[in-house]
$ cat start.csv   # CSV, C-alpha atoms
chain,number,residue,atom,x,y,z
A,1,MET,CA,-40.1,82.3,-210.2
A,2,ILE,CA,-40.6,80.0,-207.3
A,3,ILE,CA,-42.0,81.4,-204.0
A,4,ILE,CA,-41.0,79.9,-200.7
A,5,GLY,CA,-42.9,80.7,-197.5
A,6,VAL,CA,-41.0,80.6,-194.2
A,7,PHE,CA,-43.2,80.8,-191.2
A,8,GLY,CA,-43.2,80.1,-187.4
A,9,GLY,CA,-43.8,81.9,-184.1
A,10,THR,CA,-42.3,85.2,-183.3
A,11,GLY,CA,-38.6,84.7,-182.3
A,12,SER,CA,-38.4,81.3,-183.9
A,13,GLY,CA,-35.3,82.2,-185.9
A,14,LYS,CA,-37.0,82.8,-189.3
A,15,THR,CA,-34.7,85.6,-190.3
A,16,THR,CA,-31.5,83.7,-189.3
A,17,ILE,CA,-32.6,80.7,-191.3
A,18,VAL,CA,-33.7,82.8,-194.3
A,19,ASN,CA,-30.3,84.4,-194.3
A,20,GLN,CA,-28.7,81.0,-194.3
A,21,ILE,CA,-30.8,79.9,-197.3
A,22,VAL,CA,-30.0,83.2,-199.1
A,23,SER,CA,-26.3,82.7,-198.6
A,24,ASP,CA,-26.5,79.4,-200.7
A,25,PHE,CA,-27.6,81.3,-203.8
A,26,ASN,CA,-26.4,84.1,-206.0
A,27,ALA,CA,-27.7,87.4,-204.8
A,28,SER,CA,-29.0,88.1,-208.3
A,29,ASP,CA,-31.3,85.0,-208.1
A,30,ILE,CA,-33.0,85.4,-204.7
A,31,GLN,CA,-34.8,88.0,-202.7
A,32,VAL,CA,-36.7,88.2,-199.5
A,33,ILE,CA,-40.0,89.9,-198.6
A,34,SER,CA,-41.2,90.2,-195.0
A,35,GLN,CA,-44.8,90.1,-194.0
A,36,ASP,CA,-44.0,92.9,-191.6
A,37,ALA,CA,-43.8,95.4,-194.5
A,38,TYR,CA,-47.5,94.7,-195.2
A,39,TYR,CA,-49.1,95.8,-191.9
A,40,LYS,CA,-52.2,97.8,-192.8
A,41,ASP,CA,-52.0,101.6,-193.3
A,42,ASN,CA,-53.2,103.0,-190.0
A,43,SER,CA,-52.9,106.7,-190.8
A,44,SER,CA,-56.5,107.4,-190.1
A,45,ILE,CA,-56.2,106.7,-186.4
A,46,THR,CA,-54.1,108.4,-183.6
A,47,TYR,CA,-50.7,107.1,-182.4
A,48,GLU,CA,-52.4,106.1,-179.1
A,49,ALA,CA,-55.0,104.1,-180.9
A,50,ARG,CA,-52.3,102.4,-183.0
A,51,CYS,CA,-50.4,101.4,-179.9
A,52,SER,CA,-53.4,99.4,-178.7
A,53,LEU,CA,-53.9,97.4,-182.0
A,54,ASN,CA,-53.2,93.7,-182.0
A,55,PHE,CA,-50.5,93.4,-184.6
A,56,ASP,CA,-50.3,89.6,-184.2
A,57,HIS,CA,-53.8,89.0,-185.5
A,58,PRO,CA,-54.3,88.2,-189.2
A,59,GLU,CA,-56.6,91.3,-189.5
A,60,ALA,CA,-53.5,93.5,-188.9
A,61,ILE,CA,-52.0,92.4,-192.3
A,62,ASP,CA,-52.9,93.8,-195.7
A,63,PHE,CA,-53.0,90.4,-197.2
A,64,GLU,CA,-54.8,91.5,-200.4
A,65,LEU,CA,-52.0,93.9,-201.2
A,66,LEU,CA,-49.4,91.3,-200.4
A,67,PHE,CA,-51.2,88.8,-202.6
A,68,GLU,CA,-51.4,91.4,-205.5
A,69,HIS,CA,-47.7,92.1,-205.1
A,70,LEU,CA,-46.6,88.5,-205.1
A,71,SER,CA,-48.8,87.8,-208.1
A,72,ALA,CA,-47.3,90.8,-210.0
A,73,LEU,CA,-43.8,89.5,-209.3
A,74,LYS,CA,-44.7,86.1,-210.5
A,75,ASN,CA,-45.9,87.7,-213.7
A,76,GLY,CA,-42.6,89.5,-214.2
A,77,GLU,CA,-43.7,92.9,-213.0
A,78,ASN,CA,-42.0,95.3,-210.5
A,79,ILE,CA,-43.7,96.3,-207.3
A,80,GLN,CA,-43.5,99.2,-204.9
A,81,GLN,CA,-43.3,97.5,-201.4
A,82,PRO,CA,-44.5,99.5,-198.5
A,83,ILE,CA,-42.0,100.5,-195.8
A,84,TYR,CA,-43.3,100.2,-192.2
A,85,ASP,CA,-42.1,102.1,-189.1
A,86,PHE,CA,-42.4,100.0,-185.9
A,87,LYS,CA,-41.9,103.0,-183.7
A,88,THR,CA,-44.9,104.9,-185.1
A,89,HIS,CA,-46.9,101.7,-185.8
A,90,ASN,CA,-47.6,102.9,-189.3
A,91,ARG,CA,-46.5,102.8,-192.9
A,92,THR,CA,-44.1,105.6,-194.0
A,93,ASP,CA,-44.8,107.6,-197.2
A,94,LYS,CA,-41.8,105.8,-198.9
A,95,THR,CA,-41.8,102.5,-200.9
A,96,LEU,CA,-39.1,100.1,-202.0
A,97,GLN,CA,-39.1,98.9,-205.7
A,98,ILE,CA,-38.6,95.2,-206.0
A,99,SER,CA,-38.0,93.4,-209.2
A,100,PRO,CA,-38.7,89.7,-210.0
A,101,LYS,CA,-35.9,87.2,-209.4
A,102,LYS,CA,-35.7,83.4,-209.7
A,103,ILE,CA,-36.5,82.8,-206.1
A,104,LEU,CA,-38.6,84.8,-203.7
A,105,ILE,CA,-38.7,84.0,-200.0
A,106,LEU,CA,-41.7,85.3,-198.1
A,107,GLU,CA,-41.2,85.2,-194.4
A,108,GLY,CA,-43.6,86.0,-191.5
A,109,ILE,CA,-45.7,84.6,-188.7
A,110,LEU,CA,-49.1,84.8,-190.4
A,111,ILE,CA,-48.4,84.1,-194.0
A,112,MET,CA,-50.3,80.8,-193.9
A,113,ASN,CA,-53.5,82.4,-192.6
A,114,TYR,CA,-54.6,83.8,-196.0
A,115,PRO,CA,-55.6,80.9,-198.4
A,116,LYS,CA,-55.1,82.9,-201.6
A,117,LEU,CA,-51.6,83.8,-200.5
A,118,ARG,CA,-50.9,80.2,-199.4
A,119,SER,CA,-51.9,79.0,-202.9
A,120,LEU,CA,-49.0,81.0,-204.4
A,121,LEU,CA,-46.3,79.2,-202.4
A,122,ASP,CA,-44.3,76.5,-204.1
A,123,LEU,CA,-42.7,75.4,-200.8
A,124,LYS,CA,-43.9,76.0,-197.2
A,125,VAL,CA,-41.3,75.8,-194.4
A,126,PHE,CA,-42.2,75.9,-190.7
A,127,ILE,CA,-39.6,76.9,-188.1
A,128,GLU,CA,-40.2,74.9,-184.9
A,129,THR,CA,-38.7,76.5,-181.7
A,130,ASN,CA,-39.6,76.1,-178.1
A,131,SER,CA,-41.6,78.8,-176.5
A,132,ASP,CA,-39.0,79.9,-173.9
A,133,MET,CA,-36.4,80.6,-176.7
A,134,ARG,CA,-39.0,82.4,-178.8
A,135,MET,CA,-39.9,84.7,-175.8
A,136,GLY,CA,-36.3,85.5,-175.0
A,137,ARG,CA,-35.5,86.4,-178.6
A,138,ARG,CA,-38.6,88.6,-178.9
A,139,VAL,CA,-37.9,90.4,-175.7
A,140,ASN,CA,-34.3,91.2,-176.8
A,141,ARG,CA,-35.4,92.3,-180.3
A,142,ASP,CA,-38.2,94.6,-179.3
A,143,ILE,CA,-36.1,96.3,-176.7
A,144,THR,CA,-33.0,96.8,-178.8
A,145,GLU,CA,-34.5,97.3,-182.3
A,146,ARG,CA,-38.0,98.6,-181.7
A,147,GLY,CA,-37.5,100.9,-178.7
A,148,ARG,CA,-39.9,99.1,-176.4
A,149,THR,CA,-39.5,98.8,-172.6
A,150,PRO,CA,-39.1,95.3,-170.9
A,151,LYS,CA,-42.5,95.6,-169.2
A,152,GLU,CA,-44.2,96.5,-172.5
A,153,VAL,CA,-42.6,93.5,-174.2
A,154,MET,CA,-43.4,91.0,-171.5
A,155,ASP,CA,-47.0,92.2,-171.1
A,156,ARG,CA,-47.5,92.0,-174.9
A,157,TYR,CA,-46.0,88.5,-175.0
A,158,LEU,CA,-48.2,87.1,-172.3
A,159,ASN,CA,-51.4,88.9,-173.3
A,160,THR,CA,-51.2,88.9,-177.0
A,161,LEU,CA,-48.3,87.0,-178.6
A,162,LYS,CA,-48.7,83.7,-176.9
A,163,PRO,CA,-52.5,83.5,-177.4
A,164,MET,CA,-52.2,84.6,-181.0
A,165,HIS,CA,-49.5,81.9,-181.6
A,166,ASP,CA,-51.7,79.2,-180.1
A,167,GLN,CA,-54.7,80.4,-182.2
A,168,PHE,CA,-53.3,81.3,-185.5
A,169,ILE,CA,-49.7,80.1,-186.0
A,170,GLU,CA,-49.3,76.7,-184.4
A,171,PRO,CA,-52.4,75.3,-186.3
A,172,MET,CA,-50.9,76.3,-189.6
A,173,LYS,CA,-48.0,73.9,-189.1
A,174,MET,CA,-50.2,71.3,-190.8
A,175,HIS,CA,-49.7,73.1,-194.2
A,176,ALA,CA,-45.8,72.9,-194.0
A,177,ASP,CA,-43.9,70.9,-196.6
A,178,VAL,CA,-40.8,71.0,-194.4
A,179,ILE,CA,-40.4,71.5,-190.7
A,180,VAL,CA,-37.0,72.9,-189.5
A,181,GLU,CA,-36.2,72.2,-185.8
A,182,ASN,CA,-34.5,75.2,-184.3
A,183,HIS,CA,-34.0,74.5,-180.6
A,184,GLU,CA,-31.3,75.5,-178.2
A,185,ASN,CA,-28.1,73.4,-178.7
A,186,THR,CA,-29.5,72.0,-181.9
A,187,SER,CA,-27.4,72.2,-185.0
A,188,ILE,CA,-29.4,73.2,-188.0
A,189,ASN,CA,-28.7,71.4,-191.2
A,190,LEU,CA,-30.4,73.0,-194.2
A,191,ASP,CA,-28.8,70.8,-196.9
A,192,LYS,CA,-32.0,68.9,-197.6
A,193,LEU,CA,-34.0,72.1,-197.7
A,194,ILE,CA,-31.5,73.8,-200.1
A,195,SER,CA,-31.5,70.7,-202.3
A,196,LYS,CA,-35.3,70.8,-202.4
A,197,ILE,CA,-35.3,74.5,-203.4
A,198,LYS,CA,-32.7,73.8,-206.2
A,199,SER,CA,-34.8,70.9,-207.5
A,200,LEU,CA,-37.8,73.2,-207.8
A,201,MET,CA,-35.7,75.6,-209.9
A,202,SER,CA,-34.7,72.9,-212.4

$ encode --input "start.csv" --output "structure tokens"
Amino acid sequence: MIIIGVFGGTGSGKTTIVNQIVSDFNASDIQVISQDAYYKDNSSITYEARCSLNFDHPEAIDFELLFEHLSALKNGENIQQPIYDFKTHNRTDKTLQISPKKILILEGILIMNYPKLRSLLDLKVFIETNSDMRMGRRVNRDITERGRTPKEVMDRYLNTLKPMHDQFIEPMKMHADVIVENHENTSINLDKLISKIKSLMS
């Protein structure tokens, strides 16, 4: 099994590009795991306390569990992936069974910030997008999909997301094997990336 890490700032278009990659392969050969499923279990604190947590800091992610799960998949074992609820800021009591396939795509903003996890990746892809586009996408997503108010989203972007991007995400670009430019009015050609993935499979 080959593991591909797709990372970049929030709203950079990771999910869209991952979906484009997936469409080039048989569904039986490829699967996607999101870093977002591995936010830490915060059941021990109140909802109000969970609301004040910084979810864009590496400490918010249960990297050890994510590493264990990816290692298990690489060894041909099934895993029980956590299911996270963004409205309650906590894991649910349900899990999703995932079985190994030929290709695993791991996507998330902070996946490069844990060296042990980084060492498992066969290919590291950074999605480069300008900050205005990223902010607009994040605002739209959090309002429509995660039930946040416009003020909540803007405050969080300016006070948390942007500083965390500058501190933890942008510096990780140095680890990328491939950089995909995903700017407004820019046509994305993933042919070279798809070819590189296929060459890793052979």

$ residues_near_point --input "start.csv" --point "(-34.0, 70.5, -200.0)" --cutoff "12 Å" --atoms "all atoms listed in the file" --output "tab-separated table (two decimals) with C-alpha atoms, keeping the file's coordinate frame"
chain	number	residue	atom	x	y	z
A	4	ILE	CA	-41.00	79.90	-200.70
A	21	ILE	CA	-30.80	79.90	-197.30
A	24	ASP	CA	-26.50	79.40	-200.70
A	123	LEU	CA	-42.70	75.40	-200.80
A	124	LYS	CA	-43.90	76.00	-197.20
A	125	VAL	CA	-41.30	75.80	-194.40
A	177	ASP	CA	-43.90	70.90	-196.60
A	178	VAL	CA	-40.80	71.00	-194.40
A	179	ILE	CA	-40.40	71.50	-190.70
A	180	VAL	CA	-37.00	72.90	-189.50
A	189	ASN	CA	-28.70	71.40	-191.20
A	190	LEU	CA	-30.40	73.00	-194.20
A	191	ASP	CA	-28.80	70.80	-196.90
A	192	LYS	CA	-32.00	68.90	-197.60
A	193	LEU	CA	-34.00	72.10	-197.70
A	194	ILE	CA	-31.50	73.80	-200.10
A	195	SER	CA	-31.50	70.70	-202.30
A	196	LYS	CA	-35.30	70.80	-202.40
A	197	ILE	CA	-35.30	74.50	-203.40
A	198	LYS	CA	-32.70	73.80	-206.20
A	199	SER	CA	-34.80	70.90	-207.50
A	200	LEU	CA	-37.80	73.20	-207.80
A	201	MET	CA	-35.70	75.60	-209.90

$ closest_residue --input "start.csv" --among "A:Lys40, A:His175, A:Lys101, A:Arg50" --to "Pro115 in chain A" --atoms "all atoms listed in the file"
A:His175

$ residues_around --input "start.csv" --residues "range 133-145 of chain A" --least-positions-apart "6" --cutoff "9 Å" --atoms "all atoms listed in the file" --output "list in words"
Gly9, Thr10, Gly11, Ser12, Gly13, Val153, Met154, Tyr157, Lys162, His183 and Glu184 of chain A

$ atom_distance --input "start.csv" --atom1 "CA of Thr95 in chain A" --atom2 "CA of Asn78 in chain A"
12.0 Å

$ atom_distance --input "start.csv" --atom1 "CA of His89 in chain A" --atom2 "CA of Gln31 in chain A"
24.9 Å

$ closest_residue --input "start.csv" --among "A:Met164, A:Val18, A:Leu53, A:Leu70" --to "Pro100 in chain A" --atoms "all atoms listed in the file"
A:Leu70

$ closest_residue --input "start.csv" --among "A:Met172, A:Leu120, A:Ile83, A:Cys51" --to "Glu68 in chain A" --atoms "only C-alpha atoms"
A:Leu120
